[in-house]
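Below: coords27.tsv (TSV, C-alpha atoms)
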```tsv
chain	number	residue	atom	x	y	z
F	1	MET	CA	-16.21	1.92	-13.46
F	2	THR	CA	-15.85	0.22	-10.08
F	3	ILE	CA	-13.39	1.06	-7.32
F	4	ASP	CA	-12.77	-1.73	-4.82
F	5	ARG	CA	-10.07	-3.89	-3.32
F	6	SER	CA	-8.17	-6.14	-5.72
F	7	SER	CA	-9.51	-9.21	-3.92
F	8	GLN	CA	-13.02	-8.07	-4.90
F	9	LEU	CA	-12.22	-6.91	-8.44
F	10	VAL	CA	-10.54	-10.10	-9.69
F	11	PRO	CA	-13.58	-12.33	-8.99
F	12	ALA	CA	-15.81	-9.72	-10.66
F	13	VAL	CA	-13.62	-9.86	-13.78
F	14	GLU	CA	-13.59	-13.66	-13.70
F	15	ALA	CA	-17.40	-13.73	-13.36
F	16	GLY	CA	-17.77	-11.47	-16.40
F	17	ASP	CA	-19.13	-8.53	-14.38
F	18	LEU	CA	-16.12	-6.38	-15.34
F	19	ASP	CA	-14.00	-6.41	-18.48
F	20	LEU	CA	-10.79	-5.12	-16.89
F	21	ALA	CA	-9.34	-4.38	-13.46
F	22	LEU	CA	-6.22	-2.60	-12.24
F	23	THR	CA	-5.00	-4.66	-9.29
F	24	LEU	CA	-2.21	-4.63	-6.72
F	25	GLY	CA	-0.55	-7.63	-5.15
F	26	MET	CA	-2.53	-10.38	-6.83
F	27	GLY	CA	0.54	-12.09	-8.28
F	28	PRO	CA	0.96	-13.65	-11.72
F	29	ARG	CA	-2.24	-15.09	-13.13
F	30	GLU	CA	-3.22	-16.47	-16.51
F	31	ASN	CA	-5.64	-13.61	-17.22
F	32	ALA	CA	-3.36	-10.81	-15.93
F	33	VAL	CA	-0.55	-8.71	-17.32
F	34	VAL	CA	1.97	-7.56	-14.70
F	35	VAL	CA	3.00	-4.05	-15.72
F	36	GLY	CA	5.48	-3.38	-12.91
F	37	HIS	CA	6.23	-3.35	-9.21
F	38	LEU	CA	5.99	-0.61	-6.59
F	39	PRO	CA	7.85	-0.49	-3.27
F	40	LEU	CA	5.77	-1.06	-0.14
F	41	VAL	CA	6.44	1.36	2.71
F	42	TRP	CA	5.27	2.07	6.25
F	43	ILE	CA	3.36	5.37	6.40
F	44	ALA	CA	2.37	7.56	9.36
F	45	HIS	CA	1.52	11.19	10.05
F	46	ARG	CA	4.76	13.16	10.11
F	47	ASP	CA	4.07	14.11	13.76
F	48	PHE	CA	3.03	10.62	14.87
F	49	ALA	CA	4.95	9.46	17.94
F	50	TRP	CA	4.99	5.73	18.61
F	51	ASP	CA	5.18	4.90	22.30
F	52	ARG	CA	7.41	1.83	22.06
F	53	SER	CA	6.20	0.54	25.40
F	54	ARG	CA	2.96	-0.21	23.54
F	55	PRO	CA	2.28	-2.30	20.43
F	56	LEU	CA	2.58	-0.56	17.06
F	57	PRO	CA	-0.95	0.60	16.15
F	58	LEU	CA	-2.00	-0.40	12.63
F	59	ALA	CA	-4.64	1.14	10.34
F	60	VAL	CA	-5.55	-1.61	7.87
F	61	PHE	CA	-8.24	-3.15	5.71
F	62	PRO	CA	-10.18	-6.08	7.18
F	63	THR	CA	-9.12	-9.57	6.19
F	64	PRO	CA	-8.58	-10.79	3.56
F	65	CYS	CA	-6.02	-8.12	2.66
F	66	ARG	CA	-2.59	-8.92	1.30
F	67	PHE	CA	-1.10	-5.66	2.63
F	68	ARG	CA	-2.46	-6.37	6.11
F	69	ALA	CA	-1.16	-9.95	6.02
F	70	LYS	CA	2.26	-8.75	4.81
F	71	ALA	CA	2.49	-6.09	7.54
F	72	ILE	CA	1.57	-8.52	10.32
F	73	ALA	CA	3.85	-11.29	9.02
F	74	GLU	CA	6.84	-8.95	8.80
F	75	LEU	CA	6.22	-7.41	12.23
F	76	ASP	CA	5.88	-10.89	13.73
F	77	ARG	CA	9.02	-12.05	11.93
F	78	VAL	CA	11.14	-9.31	13.52
F	79	GLY	CA	9.37	-9.41	16.89
F	80	VAL	CA	7.64	-6.02	16.80
F	81	PRO	CA	4.43	-6.15	18.86
F	82	TRP	CA	1.43	-4.72	17.04
F	83	GLU	CA	-2.30	-4.16	17.42
F	84	VAL	CA	-5.01	-3.26	14.96
F	85	ALA	CA	-6.04	0.25	15.94
F	86	LEU	CA	-8.53	0.67	13.09
F	87	THR	CA	-9.96	-1.29	10.20
F	88	SER	CA	-11.75	0.29	7.29
F	89	THR	CA	-13.15	-1.10	4.07
F	90	SER	CA	-12.21	2.20	2.44
F	91	LEU	CA	-8.74	3.50	1.64
F	92	TYR	CA	-10.08	6.94	2.57
F	93	GLY	CA	-10.88	5.57	6.03
F	94	ILE	CA	-7.33	4.29	6.41
F	95	TRP	CA	-5.86	7.60	5.25
F	96	ALA	CA	-8.15	9.46	7.68
F	97	ALA	CA	-6.94	7.28	10.57
F	98	VAL	CA	-3.29	7.82	9.66
F	99	ARG	CA	-3.86	11.56	9.24
F	100	ALA	CA	-5.49	11.57	12.70
F	101	LYS	CA	-2.32	9.94	14.12
F	102	LEU	CA	-4.15	6.77	15.16
F	103	GLY	CA	-1.51	4.48	13.70
F	104	VAL	CA	0.63	3.47	10.76
F	105	THR	CA	-0.30	1.69	7.56
F	106	LEU	CA	1.42	-0.26	4.83
F	107	ARG	CA	0.91	1.11	1.31
F	108	THR	CA	2.84	2.30	-1.70
F	109	ALA	CA	4.13	5.87	-1.59
F	110	GLN	CA	2.03	6.69	-4.66
F	111	GLY	CA	-0.11	9.73	-3.87
F	112	LEU	CA	1.37	10.25	-0.41
F	113	LEU	CA	-0.31	13.24	1.21
F	114	PRO	CA	1.97	16.11	2.33
F	115	GLU	CA	1.30	15.60	6.06
F	116	LEU	CA	2.24	11.92	5.87
F	117	ALA	CA	5.71	10.42	5.90
F	118	VAL	CA	7.45	7.14	5.11
F	119	VAL	CA	8.58	5.90	8.53
F	120	ASP	CA	10.40	2.64	7.75
F	121	ARG	CA	13.77	3.84	9.04
F	122	ALA	CA	12.55	6.32	11.66
F	123	PHE	CA	10.68	3.53	13.48
F	124	ALA	CA	13.13	0.74	12.52
F	125	LEU	CA	10.34	-1.21	10.83
F	126	PRO	CA	11.08	-4.16	8.54
F	127	ALA	CA	11.58	-3.75	4.81
F	128	LEU	CA	8.54	-4.90	2.88
F	129	GLY	CA	9.67	-5.47	-0.69
F	130	THR	CA	7.40	-4.61	-3.60
F	131	VAL	CA	3.88	-5.21	-4.81
F	132	ASP	CA	2.95	-6.12	-8.36
F	133	VAL	CA	0.73	-3.83	-10.41
F	134	SER	CA	-1.38	-5.80	-12.89
F	135	LEU	CA	-4.13	-5.45	-15.43
F	136	THR	CA	-6.60	-8.33	-15.10
F	137	LEU	CA	-8.63	-9.05	-18.23
F	138	GLY	CA	-11.98	-10.75	-18.56
F	139	SER	CA	-12.79	-13.38	-21.14
F	140	ARG	CA	-14.77	-10.99	-23.38
F	141	ARG	CA	-12.03	-9.51	-25.53
F	142	SER	CA	-12.51	-6.83	-28.14
F	143	LEU	CA	-10.28	-4.57	-30.18
F	144	ALA	CA	-11.37	-1.64	-28.00
F	145	LEU	CA	-10.43	-3.50	-24.80
F	146	GLU	CA	-7.07	-4.61	-26.22
F	147	SER	CA	-6.35	-1.00	-27.27
F	148	LEU	CA	-7.30	0.25	-23.81
F	149	VAL	CA	-5.01	-2.33	-22.21
F	150	GLN	CA	-2.09	-1.18	-24.37
F	151	VAL	CA	-2.68	2.48	-23.50
F	152	LEU	CA	-3.03	1.72	-19.79
F	153	ARG	CA	-0.01	-0.56	-19.81
F	154	GLY	CA	2.18	2.13	-21.35
F	155	ALA	CA	0.92	4.84	-19.01
F	156	LEU	CA	1.31	2.64	-15.93
F	157	GLN	CA	4.81	1.50	-16.88
F	158	ALA	CA	5.86	5.12	-17.43
F	159	ARG	CA	4.43	6.17	-14.04
F	160	ILE	CA	6.00	3.19	-12.25
F	161	ALA	CA	9.38	4.00	-13.82
F	162	GLU	CA	8.96	7.62	-12.74
F	163	LEU	CA	8.14	6.50	-9.20
F	164	GLY	CA	10.99	4.01	-9.15
F	165	GLY	CA	13.48	6.83	-9.55
F	166	GLY	CA	11.47	9.18	-7.38
F	167	VAL	CA	10.62	6.84	-4.51
F	168	GLN	CA	14.06	6.97	-2.95
F	169	ARG	CA	14.19	10.78	-3.26
F	170	GLN	CA	10.65	11.02	-1.86
F	171	ARG	CA	11.53	8.62	0.97
F	172	ARG	CA	14.65	10.64	1.90
F	173	ALA	CA	12.69	13.92	1.77
F	174	ARG	CA	9.89	12.53	3.94
F	175	GLN	CA	12.36	11.08	6.44
F	176	ALA	CA	14.10	14.43	6.67
F	177	THR	CA	10.95	15.81	8.29
F	178	THR	CA	10.88	15.69	12.06
F	179	ILE	CA	9.63	12.28	13.16
F	180	ARG	CA	10.24	11.56	16.80
F	181	PRO	CA	9.59	7.99	17.89
F	182	SER	CA	9.34	7.55	21.63
F	183	PRO	CA	12.44	6.02	23.17
F	184	LEU	CA	12.54	2.32	23.87
F	185	PRO	CA	11.61	1.47	27.45
F	186	LEU	CA	14.56	0.59	29.67
```
Mind turning the file's structure into C-alpha cells?
Amino acid sequence: MTIDRSSQLVPAVEAGDLDLALTLGMGPRENAVVVGHLPLVWIAHRDFAWDRSRPLPLAVFPTPCRFRAKAIAELDRVGVPWEVALTSTSLYGIWAAVRAKLGVTLRTAQGLLPELAVVDRAFALPALGTVDVSLTLGSRRSLALESLVQVLRGALQARIAELGGGVQRQRRARQATTIRPSPLPL
C-alpha cells in the first residue's frame, strides 16, 4: 500500500508499479472509474482570525497540486489577496499548520477534525465546486483486482452519498461555532 498525492499515484499505476489507486481531482481518464464527487471547502481553525488588511494565508501542497491551483485561481478571480504561509508534502503537515492557526486550506470536509471549521461563508470566500473521487486501475487485471474494485466502489459511493447529505449539516454546524474574521480595513 502506498499513500501519496494523486499526481504521484496515477503515474505509478500507469507504470505498473501499483495495481490500483484511489485518487481525487484527476478527472475522467480511460483507466479510471469515477465513483462520485465531494464538495471542496475552505477550512481553518475555529478560532482563526483573518486580518483582512493582510493577504489570506494559505497552507497548501507544493505545485503541482490541483487543490492549490483551484484555491489560487478562485481567490484571484474574486480579487482576494493571498499568500502561501506554508507548504507541506504531507497532508498531516497541512493539518498541523491549520490547527496551529497559520492559515486556511482547501480540502473536502471528509475527516474534519473537531477544532477545525468550514469557513467559506464566515470569510466570504469563493465557492469551489466539487472534486471527483476515482479508482485508477493498472493494466494488470485479475479477478481479485476486479472484485476489490467493486467492493471499494460500493463502499466509496455509500460514503460519498452519506457525506452528500451530511456535508450541509456539518457545514452549518461548523459555521455555528464562533469564527470572528477581522473587520475589513476602512
Requested in this report: Tell me, as a ChimeraX atom specification, which residues lie within 9 Å of Ala109 of chain F, counting all atoms listed in the file; anything in the same chain fewer than 2 positions away does not count.
Outcome: /F:38-43,107,111-112,117-118,163,167,170-171
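A straight line drawn from atom CA of Arg29 of chain F to atom CA of Asp132 of chain F is 11.4 Å long.
Between atom CA of Gly154 of chain F and atom CA of Leu137 of chain F the separation is 15.9 Å.
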So that I can see what lies close to segment 71-78 of chain F, please list as a CSV table (one decimal) with C-alpha atoms, keeping the file's coordinate frame the residues with an atom at most 9 Å from it, counting only C-alpha atoms and leaving out residues fewer than 2 positions away in the same chain.
```csv
chain,number,residue,atom,x,y,z
F,42,TRP,CA,5.3,2.1,6.2
F,58,LEU,CA,-2.0,-0.4,12.6
F,66,ARG,CA,-2.6,-8.9,1.3
F,67,PHE,CA,-1.1,-5.7,2.6
F,68,ARG,CA,-2.5,-6.4,6.1
F,69,ALA,CA,-1.2,-10.0,6.0
F,80,VAL,CA,7.6,-6.0,16.8
F,81,PRO,CA,4.4,-6.2,18.9
F,82,TRP,CA,1.4,-4.7,17.0
F,105,THR,CA,-0.3,1.7,7.6
F,106,LEU,CA,1.4,-0.3,4.8
F,125,LEU,CA,10.3,-1.2,10.8
F,126,PRO,CA,11.1,-4.2,8.5
F,127,ALA,CA,11.6,-3.8,4.8
F,128,LEU,CA,8.5,-4.9,2.9
```
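Between atom CA of Ala144 of chain F and atom CA of Gln157 of chain F lies a distance of 19.9 Å.
Minimum atom-to-atom distances from F:Asn31, F:Thr63, F:Ser142, F:Thr23 to Thr87 of chain F were compared using all atoms listed in the file, and the lowest value belongs to F:Thr63.
Among the candidate residues F:Ser134, F:Ser147, F:Thr108, F:Ser139, the one lying nearest to Leu18 of chain F is F:Ser139, with distances computed using all atoms listed in the file.
Residue nearest Leu113 of chain F within the list F:Lys101, F:Leu152, F:Arg46, F:Ala85: F:Arg46 [criterion: smallest interatomic distance, all atoms listed in the file].
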Requested in this report: Write out as a PyMOL selection string the residues lying within 12 Å of Val13 of chain F, counting all atoms listed in the file and excluding same-chain residues fewer than 3 positions away.
Outcome: chain F and resi 2+6-10+16-23+31-32+135-141
